[in-house]
Every structure is written in structure tokens, then in C-alpha cells.
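Data block below; observations after.
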Amino acid sequence: MKLSVRDVMRCVGCQSCMFACSRRSGNAGLSNSSIGIKSTGGISRGYTVIVCRSCENPPCAAVCPTNALVPKEGGGVRLNSSKCIGCGLCKDACVIEAVFWNEEQNKPVICVQCGYCVDYCPYEVLELKKDKKGVTHDAQ
Amino acid sequence: MPNDSLSKVLYIDLTLKKFETKDRQDLFEKYLGGTGVATQLLLEECHEGMDPLSPEAPIIFAVGPLTGVFPLASKTCAMFKSPHTGDLGESHAGGRSAIAIRMAGYGAIVIKGASEIPIYLTIHGNKIHFKNATTLWGMKDGSIPARVMRQQEKAEGLRAIFRIGTAGENLVTYSNVTTETYRHFGRLGLGAVFGSKKLKGIVISGKKAIEVNDKKAYRGLYDQIYKAATESPVMKKYHDVGTAINIKVLNSIHALPVKNLQQSSSESIENISGESIAQHHLARRLACAHCPVACIHLAFLREPYDDDPYFYKTSPVCYDFELIYSLGTMVGINDPTNLLKLIDIVEQTGVDAMSMGVILAWMTEMFERKMISVNDLDGIELKWGDADAFIEIVKKIVHPTTEFLKACGKGVDYAAVHYGGKEFAMRFGKNEMPGYHTGPAGYLGFILGARHSHLDNAGYSIDQKELIKIDLTPQQVVDKLLEEEAIRQILSSIAVCFFARGIYDLKLVSDAVKLLGFDLTDNDLMEMGKKIHLNKYKFKMREGFRFEKLDIPERIYQTTDPTGKITKEFIQGGINYAKSLID
């Protein structure tokens, strides 16, 4: 399954998805969120929804100096946290800024495509799509 | 909770450009946060008789334990001494303000001192910077400095941007602080307090975790609140047409102030009803951070340029019930484009929309009655519904060119004391009225100053649900108002939006704060709420508020209302009873 943006124009900027993602760890707040909602140059213009596109040849993994980010079959990466030295190269390598950062732990937060956030989007902006090769995923 | 940063208070000195953080667990343990804590900080930091625009006057922002933890707890409570009324200044705003303060690692922020040059503050977690805002000072549209701060600063999507407009810079006593372009710390003049400190704005961001003591119970309670927020009809109405749906409702029962409350209903409001604006002008709905309701309604105003065909200016304009009342019906505007144009200039200058509408209405009546001249208005002739004249006058109040216009920048009470027309200067405790001519309970609510910012209270609901059908004594009404008020103090101390008062009952609050380490029963909360309300009165009384000094405009007794019960006896009976309880 892959997380996808179904209709960005429906986003109201409530950020419920961001809080949901962080809440997976059991705590409140935003430190552990791997989805991002920000305005598109002022909120009157609407919002940008940033989700990991699960690239098949992920640039974030390509620049990781310790192989802490491991490409997964079918796309996306898995974080081996014990190998990660917090250098931040992965964050810089992702042009859509979908590698998020836990500042308290100085480690990346990588989307695991679980779809927990989808259940907390009240306006059907997000969806989980079946992972078929060749399917186009909207990322922004 | 041991690792929670809620009890951290950031103290900033704008004179010395210094800051420090203190742990104030003593206050948060006793009053939870928000209004409860902010009131104590104000009593500590603002000594008796302090000039609200002096450098030492404090600005306090406080959020609550549930902020960033549960939905709908995204309000920031601002406290200050009001330059508008001379007593308690309390104002609440949403947007990303509360989430940003909590995620930056603070429960409250206290700002004192004054800068010599215009500055803006940045608070990114524990990194605080004082930045030169000289170039941003005096820009006529307040959204431009905000745009510059947005471009200069990091943390997109995680930050709040507070800023004032030229009204705040020029110390208009009802200027506001805007956050996220469309949310306001309105009423009572926080903008002027910023302006007096040469503080143009604040950017705040952060991204913390907040620990809860029972992860399973947390998820369970979260889902219960989230479900209620997204599925219950009490919240849905705020999302659909929004508060503007009340324009038609109040108009039909003769409770909507029209033309300075000379009337309480009008036959020509159809085009500015909530339903009509939603159908023809609504462009987008937005939400505060961590609130799925999305009650913010944004219309797009399209205006042609006279000198160039097919050349348009398109401006997003935020509206709700209070703006349609104050800048629409109250000033006789019934055309939606004119309404949106007037709202737009009010936003640009950064004045409170409700106060400005009431002042414009009073000015128009003063002019109509020939109690002021066209010279007082610097050549502008005011008449009901003339939006272009109102737009020019708003600009002139912010940059006054006559003594009369200067007085109008200090509120309708100040202007009426100096120029007459007190009997139709629609203010209560020196604060301009909201759009509810529902009956005596509504007015007693305004007068008791229950919530000191919006003058909003349970009164209009008592009028519409009870007094319209049955008789209650003034004492019964005041008892009901004060009971509801105690509950509202708790909601604003945990920073929950009052729109969610149907969801967050005291039992739910008790369960929710328990996860953050507060062991409080419903009863404990009720007692705390009463105490917080009395603490506010302690400040008000100290600064000279007296029930016997209240000057009620005669107009409220003359205009038809839904209950037919607005009499001097009723109102005075309620005031006397409240005085016996509070004094």
C-alpha cells in the first residue's frame, strides 16, 4: 500500500494527519510526524500536502553514508535507526521535503506507508492506494 | 507530567533584548494554563495603576495542557491591561498560535519592556532573536509585513506569525494582533500594546513531543473527541455556513442590530445572509491547527479597476457573523461586495472589526443628527450603507487629521463622553457591543464582563431558549450566567475553543487532563473556574472597574427585542445582584 494525496484542494490545513502520525508512537505533539501540511505561499492560496512517494530508486537512501536507509522492494525505504548518525543528508536529498526530522532524537522520520493518517483526515485529502507498478502517486 | 514543558514560562525583555525561562509549576498546578495562569501572571507583572502603553506593561500569552494533545484545544489566551477600557484585557485567538507556543516548549510567554526601534521577535524552540523591523513599520496593508516574515523565517507549516497593522503602530485603542492572516487577538487593544513596545510581530515555531501517562487511554479518548468533532451536528454547523447562519435567524426574531440598533431587523439583509455569501462568494474554508472543524470562511472579493477594462483586483476576505453584523447591518450595508470591501480595509489596518463597526455606526448617527460637522469628519459625509465613505473614514481614524477622528481612535465611549450621543453609543464597560440584541440576559452578560474580550457569554442563549418563553428573575439570570462563566474559565484555561463547549463537558475535561498528570474531579474544576473568574474581577476592581459606574446606552430599552423584557429594572436588578456576589 502507498500513501497518496487524493485531492489537495480539499485540504483545510487542520493538520490532524500530522498529529495522528506522531501519535503512532503513543505520545502527543508533532516530533514524530512524517507527513507535512504547509500553506502554499499564504493560507488563502491553500495548502501543500507533503507525503513520501516511496520512490523506487530513493535518493534519500542513495546518499546515506551508513546504509541506515534501506530501499524496500516496490519502493520506499526502511530506517535502521541504530545505524543512523543523524547527518541529515537524506533530508537534503529529498526534493519534496518528505524526509522529516525528529529534532529531539536527531534522526529522520520516515513514512512507513501505514495509512494511520488517512483515518484522521476529515476531508478525504489522503488515501491509501494499492501498490501496483506504474501507478502514479500525487505527492504535492 | 515530569517531562512536559507546559510549566516553562518564557520571559522576554524588549528594552534589554534579553530573555530567560522560569519553571512556574506553582501556577500551572493551581490553574491548569490559559486564562487561569495568564490572570495570575498579569496580577504579578502589572502593578496597580500602570499605564497600559508604558514600557513596563506586560503582554502575556498562555496555552493549556491539552494544546497539541487533543483536537480543539488550539486557543491562545492573551492577557494585558487594556488601553481601551483601562482594566482587564483578555483576548483569545486560534490559528497556529497555541500549537506553535506549546510545540516551541512553553506554557506561557511574558513580554515586557519596549524597543527603541521597530523589531520583530522570533522564537524557534529555545532560540530567541530580536530582529530589526524598521523597514516593515508603516506599511499600509498589514499582510505585507507578515509575508516578509514568512519569507525570512523557517519552519513552514509549524509556525505562527503574529503581527500588528498601522492601527497598532498608531496606538488605536481597539487595534488587534493578527495571527495566520485571518485570526485575531481582537478587541481591547493588544495591537496598541504591541505598538507601544515597537513590537511589529512575533514568529513562533517548534516540534516537540508531549508525553502522556497512559498511551492506550490517550488514543481511546482522542478518538472519542475526534469523532465528536467531526460527526456531531453541534460542530458541523460551524463548518457548513458557519456562524454567519445566525444573520437570518437573529433578523427574523428582531435580535439583529441594524443602523446602530435603531432597528433590530431589516428587510434588505438577504444578500448578506450567511447562506447567500456562502453561495455566491465563499471560496475556501480553513482550519486552526489541530482542529478538524474548519470554521474559517474565506470569500474572494473581485473588484474591477476603473481605468483598465478586464483588469481585476482579487482579494481573499475572511468573514463571520460578527463582521457581517458590525460592518454590515450595523452600518446599513446590505450589498455583499461593499461589505467585503469594508472588511478588507479593516483587516489591512488591523483594527478590531466589531469595535470599528460600532464606532462607524455611532459616527453616522451623530452626523445625521448634526451633532458633528463634515469638518469633524475631514470632509467625508457619512450615510448609512455608504461603504466608500466608511473606507475613507477607517483610514482617517487610523491616521487622524481632526480632533474628532483622533477621539474615535480611542473608542466610542471616549468619543461620546467628549462629543455627546452617549445614549446611542453602543458599548458596555467601554467595549463596543457584539451583534446580539436578544434580550436582557444577553445585555447582563455583556455588562458583567463575563469573558472580557468578546463580551460573549451565555446570555443570548438564555434569552432565546428561556426568556422568550418563560419569566426568570434577574437573580436567576445572573446565577445562570455565572455558572456558565465558571465552566468557560476552565475551557479557556485548557485552551479549548468555546465552539467546542458542547463536547468538552467537565467530566471529559477531568478525564483528559488526567492523562497529563492533573488529578481533578468535575467539582474541583468548577471551583477552580469560579476562582479564576473572581481573580479576573480582582484585577478589574484594582484598576477601577465599578458596577455603579456602568453607563448603559438608553437605546437598548427603545428597540424591539425578541423577549420584550429589556427594562431598566431588570438590568439594574441583575447588576445589583451581581455586585452583591462579586464586590
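Just remember, in the C-alpha cells the first chain shown is A, the second B, etc., residues are 1-based per chain, and ligands are 1-based in the order shown.
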
Pull out every residue of chain A that has at least one atom within 10 Å of chain B, counting only C-alpha atoms, and report them as a count of residues only.
45

Please identify all polymer residues within 9 Å of Asp51 of chain B, counting only C-alpha atoms, omitting same-chain residues fewer than 4 positions from it, and present them as a list in words.
Pro55, Glu56, Ala57, Lys81, Pro83 and Gly86 of chain B

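Taking atom CA of Met541 of chain B and atom CA of Gly529 of chain B as endpoints, the distance between them is 18.5 Å.
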
I need the residues in segment 50-95 of chain A that are strand (DSSP E) according to DSSP; give them as a short mmCIF file (atom, residue, chain, number, x, y, z; two decimals) with all heavy atoms, in the first residue's frame.
```
data_model
loop_
_atom_site.label_atom_id
_atom_site.label_comp_id
_atom_site.auth_asym_id
_atom_site.auth_seq_id
_atom_site.Cartn_x
_atom_site.Cartn_y
_atom_site.Cartn_z
N ILE A 50 2.58 17.22 2.02
CA ILE A 50 3.82 16.52 1.69
C ILE A 50 3.81 15.11 2.26
O ILE A 50 3.75 14.93 3.48
CB ILE A 50 5.05 17.28 2.24
CG1 ILE A 50 5.06 18.72 1.72
CG2 ILE A 50 6.34 16.56 1.85
CD1 ILE A 50 6.08 19.60 2.41
N LEU A 69 19.40 3.87 5.75
CA LEU A 69 18.16 3.84 4.97
C LEU A 69 18.27 2.74 3.93
O LEU A 69 19.15 2.76 3.06
CB LEU A 69 17.92 5.19 4.29
CG LEU A 69 17.47 6.33 5.21
CD1 LEU A 69 17.41 7.64 4.44
CD2 LEU A 69 16.12 6.03 5.86
N VAL A 70 17.38 1.76 4.04
CA VAL A 70 17.46 0.59 3.17
C VAL A 70 16.28 0.62 2.20
O VAL A 70 15.13 0.64 2.63
CB VAL A 70 17.39 -0.71 4.01
CG1 VAL A 70 17.60 -1.93 3.13
CG2 VAL A 70 18.41 -0.66 5.14
N PRO A 71 16.56 0.64 0.87
CA PRO A 71 15.45 0.62 -0.09
C PRO A 71 14.63 -0.65 0.07
O PRO A 71 15.17 -1.73 0.30
CB PRO A 71 16.16 0.64 -1.45
CG PRO A 71 17.52 1.18 -1.17
CD PRO A 71 17.87 0.72 0.21
N VAL A 77 11.72 3.41 1.63
CA VAL A 77 12.89 2.99 2.41
C VAL A 77 12.47 2.60 3.84
O VAL A 77 11.42 3.00 4.33
CB VAL A 77 13.95 4.12 2.52
CG1 VAL A 77 14.64 4.36 1.20
CG2 VAL A 77 13.33 5.41 3.05
N ARG A 78 13.36 1.84 4.48
CA ARG A 78 13.17 1.48 5.87
C ARG A 78 14.35 2.08 6.63
O ARG A 78 15.48 2.08 6.13
CB ARG A 78 13.17 -0.05 5.99
CG ARG A 78 12.84 -0.61 7.35
CD ARG A 78 12.70 -2.14 7.25
NE ARG A 78 13.88 -2.77 6.64
CZ ARG A 78 15.02 -3.02 7.29
NH1 ARG A 78 15.15 -2.69 8.57
NH2 ARG A 78 16.03 -3.60 6.67
N LEU A 79 14.10 2.62 7.83
CA LEU A 79 15.18 3.22 8.61
C LEU A 79 15.70 2.23 9.64
O LEU A 79 14.94 1.69 10.44
CB LEU A 79 14.67 4.48 9.33
CG LEU A 79 15.66 5.12 10.32
CD1 LEU A 79 16.85 5.74 9.59
CD2 LEU A 79 14.97 6.18 11.18
#
```

Skipping near chain neighbours, those fewer than 4 positions away, what residues fall within 8 Å of Leu14 of chain B using only C-alpha atoms, listed as a ChimeraX atom specification?
/B:18,111-115,197

Please write the residues from the selection above to a file, keeping C-alpha atoms, as a PDB file, in the first residue's frame.
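Output (selection32.pdb):
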```
ATOM      1  CA  LYS B  18      17.205  39.623  26.948  1.00  0.00           C
ATOM      2  CA  ILE B 111       6.821  40.156  27.172  1.00  0.00           C
ATOM      3  CA  LYS B 112       7.822  43.394  28.862  1.00  0.00           C
ATOM      4  CA  GLY B 113       9.898  46.458  28.044  1.00  0.00           C
ATOM      5  CA  ALA B 114       9.956  48.466  24.829  1.00  0.00           C
ATOM      6  CA  SER B 115      12.393  48.560  21.967  1.00  0.00           C
ATOM      7  CA  LYS B 197       6.663  48.495  22.532  1.00  0.00           C
TER       8      LYS B 197
END
```

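Taking atom CA of Ile272 of chain B as the reference point, atom CA of Phe321 of chain B is found at 10.1 Å.
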
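Interatomic distance, atom CA of Ile60 of chain B to atom CA of Leu42 of chain B: 7.1 Å.
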
Taking 4 positions as the minimum chain separation for residues in the same chain, which residues sit within 7 Å of segment 351-367 of chain B when counting only C-alpha atoms? Answer as number ranges by chain.
B: 167, 174-176, 186-187, 259-260, 322-323, 326-327, 330-331, 346-347, 371-373, 382-384, 411-412, 421, 424-426, 432, 434

Mind checking which residues fall within 10 Å of Gly573 of chain B, counting only C-alpha atoms, ignoring those fewer than 4 positions away in the same chain, and posting them as an MDAnalysis selection string?
chainID B and resid 444 473:475 478 567:569 577:579

Next, the residues of the selection above should be written as a short mmCIF file (atom, residue, chain, number, x, y, z; two decimals), in the first residue's frame with N, CA, C and O atoms.
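What ended up in part-v6.cif:
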```cif
data_model
loop_
_atom_site.label_atom_id
_atom_site.label_comp_id
_atom_site.auth_asym_id
_atom_site.auth_seq_id
_atom_site.Cartn_x
_atom_site.Cartn_y
_atom_site.Cartn_z
N LEU B 444 -27.04 41.61 30.23
CA LEU B 444 -26.40 41.39 31.54
C LEU B 444 -25.07 40.67 31.36
O LEU B 444 -24.11 40.94 32.08
N THR B 473 -36.21 35.69 37.04
CA THR B 473 -35.84 36.93 37.73
C THR B 473 -34.42 37.31 37.30
O THR B 473 -33.65 36.45 36.85
N PRO B 474 -34.05 38.59 37.47
CA PRO B 474 -32.67 38.98 37.16
C PRO B 474 -31.67 38.14 37.94
O PRO B 474 -30.60 37.80 37.42
N GLN B 475 -32.05 37.80 39.18
CA GLN B 475 -31.13 37.00 40.01
C GLN B 475 -30.91 35.62 39.39
O GLN B 475 -29.78 35.12 39.34
N VAL B 478 -28.58 35.98 36.43
CA VAL B 478 -27.18 36.20 36.82
C VAL B 478 -26.57 34.90 37.35
O VAL B 478 -25.42 34.57 37.02
N THR B 567 -35.74 45.91 30.34
CA THR B 567 -36.16 47.10 31.08
C THR B 567 -35.04 47.53 32.00
O THR B 567 -34.17 46.73 32.36
N LYS B 568 -35.09 48.81 32.41
CA LYS B 568 -34.08 49.33 33.33
C LYS B 568 -34.12 48.55 34.65
O LYS B 568 -33.08 48.27 35.24
N GLU B 569 -35.33 48.20 35.08
CA GLU B 569 -35.47 47.49 36.35
C GLU B 569 -34.76 46.14 36.29
O GLU B 569 -34.05 45.76 37.20
N TYR B 577 -27.50 42.57 41.92
CA TYR B 577 -27.30 41.22 42.46
C TYR B 577 -25.86 40.74 42.20
O TYR B 577 -25.21 40.20 43.10
N ALA B 578 -25.39 40.97 40.98
CA ALA B 578 -24.02 40.56 40.65
C ALA B 578 -23.01 41.27 41.57
O ALA B 578 -22.05 40.67 42.05
N LYS B 579 -23.27 42.53 41.82
CA LYS B 579 -22.39 43.32 42.68
C LYS B 579 -22.34 42.70 44.08
O LYS B 579 -21.28 42.58 44.68
#
```

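With only C-alpha atoms as the atoms that count, the residue of A:Cys117, A:Val8, A:Met1, A:Leu126 with the shortest distance to Gly74 of chain A is A:Met1.
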
As number ranges by chain, please: the residues near Arg53 of chain A (cut-off 12 Å, only C-alpha atoms, same-chain neighbours under 3 positions excluded).
A: 1-5, 34-35, 49-50, 56-60, 74-77, 94-99, 110-113, 128-129, 131, 135-140
